[in-house]
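As stored in coords-v8.csv (CSV, C-alpha atoms and all ligand atoms):
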chain,number,residue,atom,x,y,z
A,1,MET,CA,87.7,112.0,108.5
A,2,LEU,CA,90.3,114.3,106.9
A,3,THR,CA,92.5,113.1,104.1
A,4,ALA,CA,94.8,115.3,102.0
A,5,ARG,CA,97.3,114.3,99.4
A,6,GLY,CA,99.8,115.9,97.1
A,7,ILE,CA,99.4,119.4,98.7
A,8,GLN,CA,101.8,121.8,97.0
A,9,LYS,CA,102.0,125.5,97.7
A,10,HIS,CA,104.3,128.2,96.3
A,11,TYR,CA,104.6,131.8,97.4
A,12,ALA,CA,106.2,133.4,94.3
A,13,GLN,CA,109.5,131.5,93.9
A,14,LEU,CA,109.3,129.9,97.4
A,15,HIS,CA,108.2,126.3,97.3
A,16,VAL,CA,106.6,126.1,100.8
A,17,LEU,CA,104.7,122.8,100.6
A,18,LYS,CA,106.2,120.0,98.4
A,19,GLY,CA,103.5,117.4,98.2
A,20,VAL,CA,102.1,116.8,101.7
A,21,ALA,CA,99.9,113.9,102.5
A,22,ILE,CA,98.0,113.5,105.8
A,23,THR,CA,95.2,111.5,107.2
A,24,ILE,CA,93.4,112.2,110.5
A,25,ASN,CA,90.8,109.9,112.1
A,26,ARG,CA,87.7,111.0,114.0
A,27,GLY,CA,88.5,111.6,117.6
A,28,GLU,CA,92.2,111.8,117.2
A,29,ILE,CA,94.5,114.5,118.6
A,30,VAL,CA,97.3,114.9,116.1
A,31,SER,CA,100.2,117.4,116.6
A,32,ILE,CA,102.5,118.8,114.0
A,33,VAL,CA,106.0,119.9,115.1
A,34,GLY,CA,108.9,121.3,113.2
A,35,SER,CA,111.2,124.3,113.0
A,36,SER,CA,110.0,127.7,112.1
A,37,GLY,CA,109.4,128.2,108.3
A,38,ALA,CA,108.8,124.4,107.7
A,39,GLY,CA,105.4,125.2,106.3
A,40,LYS,CA,103.2,124.2,109.3
A,41,SER,CA,100.9,127.3,109.4
A,42,THR,CA,100.6,127.2,105.6
A,43,LEU,CA,99.5,123.6,105.7
A,44,LEU,CA,97.0,124.3,108.5
A,45,HIS,CA,95.5,127.2,106.7
A,46,ILE,CA,95.2,125.1,103.5
A,47,LEU,CA,93.6,122.2,105.3
A,48,GLY,CA,91.3,124.7,107.0
A,49,THR,CA,90.3,126.3,103.7
A,50,LEU,CA,91.7,129.7,104.7
A,51,ASP,CA,94.2,129.4,101.8
A,52,THR,CA,94.2,127.3,98.6
A,53,PRO,CA,96.8,124.9,97.5
A,54,ASP,CA,98.4,125.1,94.0
A,55,SER,CA,97.7,121.4,93.6
A,56,GLY,CA,96.5,118.5,95.7
A,57,GLU,CA,93.2,117.2,97.1
A,58,ILE,CA,91.6,117.6,100.5
A,59,PHE,CA,88.6,115.5,101.6
A,60,LEU,CA,86.7,116.2,104.9
A,61,ASN,CA,84.0,113.7,105.6
A,62,GLU,CA,84.4,112.6,101.9
A,63,ILE,CA,83.6,116.2,100.7
A,64,PRO,CA,86.2,117.4,98.2
A,65,VAL,CA,87.0,120.6,100.0
A,66,HIS,CA,89.4,121.8,97.3
A,67,THR,CA,86.5,122.2,94.8
A,68,LEU,CA,84.3,124.4,97.1
A,69,LYS,CA,84.2,128.1,96.3
A,70,GLY,CA,82.5,131.3,97.4
A,71,LYS,CA,79.5,131.1,99.6
A,72,LYS,CA,79.5,127.3,99.6
A,73,LEU,CA,83.1,127.3,100.9
A,74,ALA,CA,82.4,130.0,103.5
A,75,ASP,CA,79.3,128.0,104.7
A,76,PHE,CA,81.3,124.8,104.9
A,77,ARG,CA,84.1,126.4,106.8
A,78,ASN,CA,81.7,128.0,109.3
A,79,LYS,CA,79.9,124.8,110.0
A,80,GLN,CA,82.6,122.1,109.7
A,81,ILE,CA,85.9,123.7,110.8
A,82,GLY,CA,87.0,125.4,114.0
A,83,PHE,CA,90.1,127.5,114.5
A,84,VAL,CA,92.2,128.4,117.4
A,85,PHE,CA,95.2,130.7,116.7
A,86,GLN,CA,98.2,131.8,118.8
A,87,PHE,CA,96.6,135.1,119.4
A,88,HIS,CA,92.9,134.7,120.2
A,89,HIS,CA,91.5,137.2,117.7
A,90,LEU,CA,88.5,137.8,119.9
A,91,LEU,CA,86.4,140.9,118.9
A,92,PRO,CA,87.2,143.5,121.5
A,93,GLU,CA,83.8,145.2,121.4
A,94,PHE,CA,81.9,142.1,122.2
A,95,THR,CA,81.5,140.1,125.4
A,96,ALA,CA,82.9,136.5,125.8
A,97,LEU,CA,79.4,135.2,125.3
A,98,GLU,CA,78.9,137.2,122.1
A,99,ASN,CA,82.3,136.3,120.7
A,100,VAL,CA,81.3,132.6,121.1
A,101,CYS,CA,77.8,133.2,119.6
A,102,ILE,CA,78.9,135.0,116.5
A,103,PRO,CA,79.8,132.0,114.3
A,104,GLY,CA,76.6,130.4,115.4
A,105,TRP,CA,74.5,133.4,114.3
A,106,VAL,CA,76.5,133.7,111.1
A,107,ALA,CA,75.5,130.0,110.5
A,108,GLY,CA,71.9,131.2,110.6
A,109,ARG,CA,71.0,129.3,113.8
A,110,ARG,CA,68.3,130.5,116.2
A,111,LYS,CA,69.6,133.2,118.4
A,112,LYS,CA,68.4,131.7,121.6
A,113,GLU,CA,69.6,128.2,120.9
A,114,VAL,CA,73.1,129.6,120.0
A,115,GLN,CA,73.2,131.5,123.3
A,116,GLU,CA,72.3,128.5,125.3
A,117,ASP,CA,75.0,126.4,123.6
A,118,ALA,CA,77.6,129.2,124.1
A,119,THR,CA,76.7,129.5,127.7
A,120,ARG,CA,76.9,125.8,128.3
A,121,LEU,CA,80.3,125.6,126.5
A,122,LEU,CA,81.7,128.6,128.4
A,123,LYS,CA,80.6,127.0,131.7
A,124,LEU,CA,82.2,123.7,130.6
A,125,LEU,CA,85.4,125.6,130.0
A,126,GLY,CA,85.3,127.1,133.4
A,127,LEU,CA,84.2,130.6,132.3
A,128,GLY,CA,80.7,130.6,133.7
A,129,GLU,CA,81.4,133.7,135.7
A,130,ARG,CA,83.0,135.5,132.7
A,131,LEU,CA,80.1,135.5,130.2
A,132,GLU,CA,79.6,139.2,130.2
A,133,ASN,CA,83.3,140.2,130.2
A,134,LYS,CA,85.0,141.7,127.2
A,135,PRO,CA,88.3,140.2,126.1
A,136,THR,CA,90.5,142.8,127.7
A,137,ALA,CA,89.0,142.0,131.2
A,138,LEU,CA,90.1,138.3,130.8
A,139,SER,CA,93.5,136.7,131.4
A,140,GLY,CA,95.4,135.2,128.5
A,141,GLY,CA,94.3,131.7,129.5
A,142,GLU,CA,90.7,132.8,129.7
A,143,GLN,CA,90.9,134.5,126.4
A,144,GLN,CA,92.2,131.4,124.8
A,145,ARG,CA,89.5,129.3,126.3
A,146,VAL,CA,86.9,131.7,124.9
A,147,ALA,CA,88.6,131.2,121.5
A,148,VAL,CA,88.2,127.4,122.0
A,149,ALA,CA,84.5,127.8,122.8
A,150,ARG,CA,84.1,129.9,119.7
A,151,ALA,CA,85.8,127.2,117.6
A,152,LEU,CA,83.4,124.6,119.0
A,153,ILE,CA,80.0,126.5,118.8
A,154,ASN,CA,78.9,125.0,115.5
A,155,LYS,CA,80.1,121.4,116.5
A,156,PRO,CA,82.8,121.3,113.8
A,157,SER,CA,84.2,118.1,112.4
A,158,ILE,CA,87.7,119.2,113.2
A,159,VAL,CA,89.5,121.9,115.2
A,160,PHE,CA,92.7,123.3,113.8
A,161,ALA,CA,95.0,125.0,116.3
A,162,ASP,CA,98.1,126.9,115.3
A,163,GLU,CA,100.4,127.3,118.3
A,164,PRO,CA,97.5,127.7,120.7
A,165,THR,CA,99.7,127.8,123.8
A,166,GLY,CA,102.4,129.9,122.2
A,167,ASN,CA,101.3,133.0,124.1
A,168,LEU,CA,100.5,131.3,127.4
A,169,ASP,CA,102.6,130.6,130.6
A,170,SER,CA,103.2,126.9,131.4
A,171,LYS,CA,100.2,126.6,133.8
A,172,ASN,CA,97.7,128.0,131.3
A,173,ALA,CA,99.3,126.0,128.5
A,174,LYS,CA,98.8,122.8,130.6
A,175,GLU,CA,95.2,123.7,131.3
A,176,LEU,CA,94.6,124.2,127.6
A,177,HIS,CA,96.1,120.7,126.8
A,178,ASP,CA,93.9,119.1,129.4
A,179,LEU,CA,90.9,120.9,127.9
A,180,PHE,CA,91.7,119.5,124.4
A,181,VAL,CA,92.0,116.0,125.9
A,182,GLN,CA,88.7,116.4,127.8
A,183,LEU,CA,86.9,117.6,124.7
A,184,ARG,CA,88.2,114.6,122.8
A,185,THR,CA,87.2,112.2,125.6
A,186,ASP,CA,83.7,113.7,126.2
A,187,PHE,CA,82.7,114.6,122.6
A,188,ASN,CA,85.1,112.7,120.4
A,189,GLN,CA,86.3,116.0,119.1
A,190,THR,CA,89.1,115.8,116.5
A,191,PHE,CA,92.1,118.2,116.7
A,192,LEU,CA,95.1,119.0,114.5
A,193,ILE,CA,97.5,121.1,116.5
A,194,VAL,CA,100.7,122.9,115.4
A,195,THR,CA,102.8,123.3,118.5
A,196,HIS,CA,106.3,124.0,119.8
A,197,ASN,CA,105.1,122.7,123.2
A,198,GLU,CA,106.7,119.3,123.9
A,199,GLU,CA,104.2,118.5,126.6
A,200,LEU,CA,101.3,119.2,124.2
A,201,ALA,CA,102.9,117.1,121.5
A,202,THR,CA,103.5,114.2,123.9
A,203,MET,CA,99.9,114.0,125.0
A,204,SER,CA,98.7,113.8,121.4
A,205,ASP,CA,97.7,110.4,119.8
A,206,ARG,CA,100.2,111.1,117.1
A,207,VAL,CA,103.0,113.5,116.4
A,208,LEU,CA,103.9,114.5,112.8
A,209,HIS,CA,107.2,116.0,112.0
A,210,MET,CA,107.4,118.7,109.3
A,211,LYS,CA,110.6,119.7,107.6
A,212,ASP,CA,111.1,121.8,104.5
A,213,GLY,CA,107.6,121.5,103.2
A,214,LEU,CA,107.1,117.8,103.9
A,215,ILE,CA,105.9,115.6,106.7
A,216,ILE,CA,108.8,113.3,107.4
A,217,PRO,CA,108.9,110.0,109.3
A,218,PRO,CA,110.0,110.6,112.9
A,219,ASN,CA,113.5,109.4,113.9
A,220,PRO,CA,114.3,107.6,110.7
B,301,LIG,N1,101.6,134.8,102.6
B,301,LIG,C1,102.9,134.5,102.4
B,301,LIG,N2,103.6,135.1,101.5
B,301,LIG,C2,104.9,134.8,101.2
B,301,LIG,N3,105.6,133.9,101.9
B,301,LIG,C3,104.9,133.2,102.9
B,301,LIG,C4,103.6,133.5,103.2
B,301,LIG,N4,103.2,132.7,104.3
B,301,LIG,C5,104.3,132.0,104.6
B,301,LIG,N5,105.3,132.3,103.8
B,301,LIG,C6,106.6,131.7,103.9
B,301,LIG,O1,106.5,130.3,103.8
B,301,LIG,C7,107.4,129.6,104.6
B,301,LIG,C8,106.6,128.7,105.6
B,301,LIG,O2,105.9,129.5,106.5
B,301,LIG,P1,104.9,129.0,107.6
B,301,LIG,O3,103.9,128.0,107.0
B,301,LIG,O4,104.4,130.1,108.3
B,301,LIG,O5,105.9,128.1,108.5
B,301,LIG,P2,105.8,127.6,110.0
B,301,LIG,O6,104.4,127.8,110.4
B,301,LIG,O7,106.2,126.2,109.9
B,301,LIG,O8,106.8,128.5,110.7
B,301,LIG,C9,108.2,130.7,105.3
B,301,LIG,O9,109.4,130.8,104.6
B,301,LIG,C10,107.3,131.9,105.2
B,301,LIG,O10,108.1,133.1,105.2
B,302,MG,MG,103.6,129.0,111.9
What's the structure tokens form of this structure?
Ligand SMILES: Nc1ncnc2c1ncn2[C@@H]1O[C@H](COP(=O)(O)OP(=O)(O)O)[C@@H](O)[C@H]1O
Ligand SMILES: [Mg+2]
Amino acid sequence: MLTARGIQKHYAQLHVLKGVAITINRGEIVSIVGSSGAGKSTLLHILGTLDTPDSGEIFLNEIPVHTLKGKKLADFRNKQIGFVFQFHHLLPEFTALENVCIPGWVAGRRKKEVQEDATRLLKLLGLGERLENKPTALSGGEQQRVAVARALINKPSIVFADEPTGNLDSKNAKELHDLFVQLRTDFNQTFLIVTHNEELATMSDRVLHMKDGLIIPPNP
């Protein structure tokens, strides 16, 4: 479903990605681990089209993502890709329900249909009682689950998560893992997750190790 090869990225003199290749199958949960500064976030942003590589190719469902630009790219990202970050980045002025709906409305879908989908998703994630709450009224774990619902609203091909449990206590982190697994089991949802959390890495189908701008074979 996702294939990238030869991904290179420099920030000025800094050679951050040195020719990364990666393949993710549909319905897989893949984790990326590695020390701080290894280039994990940069890779995730590039695969998620939030940043562009200096060279290399990325195919998502056979679409050459690296050739998309402007409105086509924004449209593709909105419909095909979901993101969950360490900090939820929910919009503080909007309710949980509205936060989840917004990417659906941006996609031009019917308002009511999006609202129904968002309500169903939030209920599925255990937030049925919190639809009308603004982010500040929610716990850290709840905020992150709203962010997951928002990532899923347009039924993306893949969800990229960058240290999604980095800001959660161990109980909430565990609940978020279980949620990812449930979404994979129930909807065959594909995930690529950057994490420092050993437990989250262990429950993945595959763990990729990143070091100095490359994915390295584990325990060579
Ligand atoms: N926008 C940027 N401008 C300059 N340097 C950056 C930028 N983003 C990341 N870097 C640098 O690239 C390297 C890899 O960063 P990052 O991908 O965030 O690593 P990781 O997520 O593995 O900790 C680091 O040395 C970081 O300082
Ligand atoms: Mg990072």
Q: Enumerate as a list in words the residues within 8 Å of ligand MG 302 (chain B), counting all atoms listed in the file.
A: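 With all atoms listed in the file and a cut-off of 8 Å, ligand MG 302 (chain B) is contacted by Ser36, Gly37, Gly39, Lys40, Ser41, Thr42, Asp162, Glu163 and Val194 of chain A.
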Atoms kept (C-alpha atoms) for selection, written as a PDB file, keeping the file's coordinate frame:
ATOM      1  CA  SER A  36     110.000 127.700 112.100  1.00  0.00           C
ATOM      2  CA  GLY A  37     109.400 128.200 108.300  1.00  0.00           C
ATOM      3  CA  GLY A  39     105.400 125.200 106.300  1.00  0.00           C
ATOM      4  CA  LYS A  40     103.200 124.200 109.300  1.00  0.00           C
ATOM      5  CA  SER A  41     100.900 127.300 109.400  1.00  0.00           C
ATOM      6  CA  THR A  42     100.600 127.200 105.600  1.00  0.00           C
ATOM      7  CA  ASP A 162      98.100 126.900 115.300  1.00  0.00           C
ATOM      8  CA  GLU A 163     100.400 127.300 118.300  1.00  0.00           C
ATOM      9  CA  VAL A 194     100.700 122.900 115.400  1.00  0.00           C
TER      10      VAL A 194
END
Q.
What residues of the protein or nucleic acid chains come within 12 Å of ligand LIG 301 (chain B) when you use all atoms listed in the file? Reply as a VMD selection string.
A. chain A and resid 8 to 18 32 to 47 50 to 52 85 to 86 161 to 163 193 to 196 209 to 215
I'd like a table as CSV: residues in range 123-145 of chain A with an atom no more than 9 Å from range 173-182 of chain A, each row giving the shortest atom pair and its distance in Å to one decimal, all atoms listed in the file counted, sorted by chain and rising residue number.
residue,atom,partner,partner_atom,distance
A:Leu125,CA,A:Leu179,CA,7.5
A:Gly141,CA,A:Ala173,CA,7.6
A:Gln144,CA,A:Leu176,CA,8.1
A:Arg145,CA,A:Leu176,CA,7.3
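With only C-alpha atoms as the basis for measurement, A:Ala4 is the residue among A:Leu97, A:Ala4, A:Leu122, A:Ile81 that approaches Phe59 in chain A most closely.
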Q) Can you tell me, as a list in words, what residues are no more than 8 Å from Val146 in chain A when counting only C-alpha atoms, ignoring any on the same chain fewer than 2 positions away? A)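 Counting only C-alpha atoms, the residues come to Ala96, Asn99, Val100, Leu122, Leu127, Glu142, Gln143, Gln144, Val148, Ala149 and Arg150 of chain A.
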At a cut-off of 10 Å around the point (84.4, 115.8, 117.7) (file coordinates), what residues fall inside when counting only C-alpha atoms? I'd like the answer as a PDB file with C-alpha atoms, in the frame of the given file.
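Wrote out-v1.pdb, looks like this:
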ATOM      1  CA  ARG A  26      87.700 111.000 114.000  1.00  0.00           C
ATOM      2  CA  GLY A  27      88.500 111.600 117.600  1.00  0.00           C
ATOM      3  CA  GLU A  28      92.200 111.800 117.200  1.00  0.00           C
ATOM      4  CA  LEU A 152      83.400 124.600 119.000  1.00  0.00           C
ATOM      5  CA  LYS A 155      80.100 121.400 116.500  1.00  0.00           C
ATOM      6  CA  PRO A 156      82.800 121.300 113.800  1.00  0.00           C
ATOM      7  CA  SER A 157      84.200 118.100 112.400  1.00  0.00           C
ATOM      8  CA  ILE A 158      87.700 119.200 113.200  1.00  0.00           C
ATOM      9  CA  VAL A 159      89.500 121.900 115.200  1.00  0.00           C
ATOM     10  CA  LEU A 183      86.900 117.600 124.700  1.00  0.00           C
ATOM     11  CA  ARG A 184      88.200 114.600 122.800  1.00  0.00           C
ATOM     12  CA  THR A 185      87.200 112.200 125.600  1.00  0.00           C
ATOM     13  CA  ASP A 186      83.700 113.700 126.200  1.00  0.00           C
ATOM     14  CA  PHE A 187      82.700 114.600 122.600  1.00  0.00           C
ATOM     15  CA  ASN A 188      85.100 112.700 120.400  1.00  0.00           C
ATOM     16  CA  GLN A 189      86.300 116.000 119.100  1.00  0.00           C
ATOM     17  CA  THR A 190      89.100 115.800 116.500  1.00  0.00           C
ATOM     18  CA  PHE A 191      92.100 118.200 116.700  1.00  0.00           C
TER      19      PHE A 191
END
Q | For CA of His89 in chain A and CA of Gly126 in chain A, the interatomic separation in Å (one decimal) | A |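 Separation of CA of His89 in chain A and CA of Gly126 in chain A: 19.7 Å.
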Q | Residue nearest Leu60 in chain A - candidates A:Ala74, A:Val30, A:Lys134, A:Asn25, atoms counted: all atoms listed in the file | A | A:Asn25
Q. If you measure from CA of Gly19 in chain A to CA of Ile7 in chain A, what distance in Å do you get, rounded to one decimal?
A. 4.6 Å
Q: Work out how far CA of Lys79 in chain A is from CA of Arg5 in chain A, in Å to one decimal.
A: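 It comes out at 22.9 Å.
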Q | For Ile63 in chain A, the nearest of the candidates A:Met1, A:Ile153, A:Gly82, A:Asp169, counting all atoms listed in the file | A | A:Met1
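Remark: for Val20 in chain A, the closest of the candidate residues A:Thr202, A:Thr49, A:Ser55, A:Asn133 is A:Ser55 (distances computed over all atoms listed in the file).
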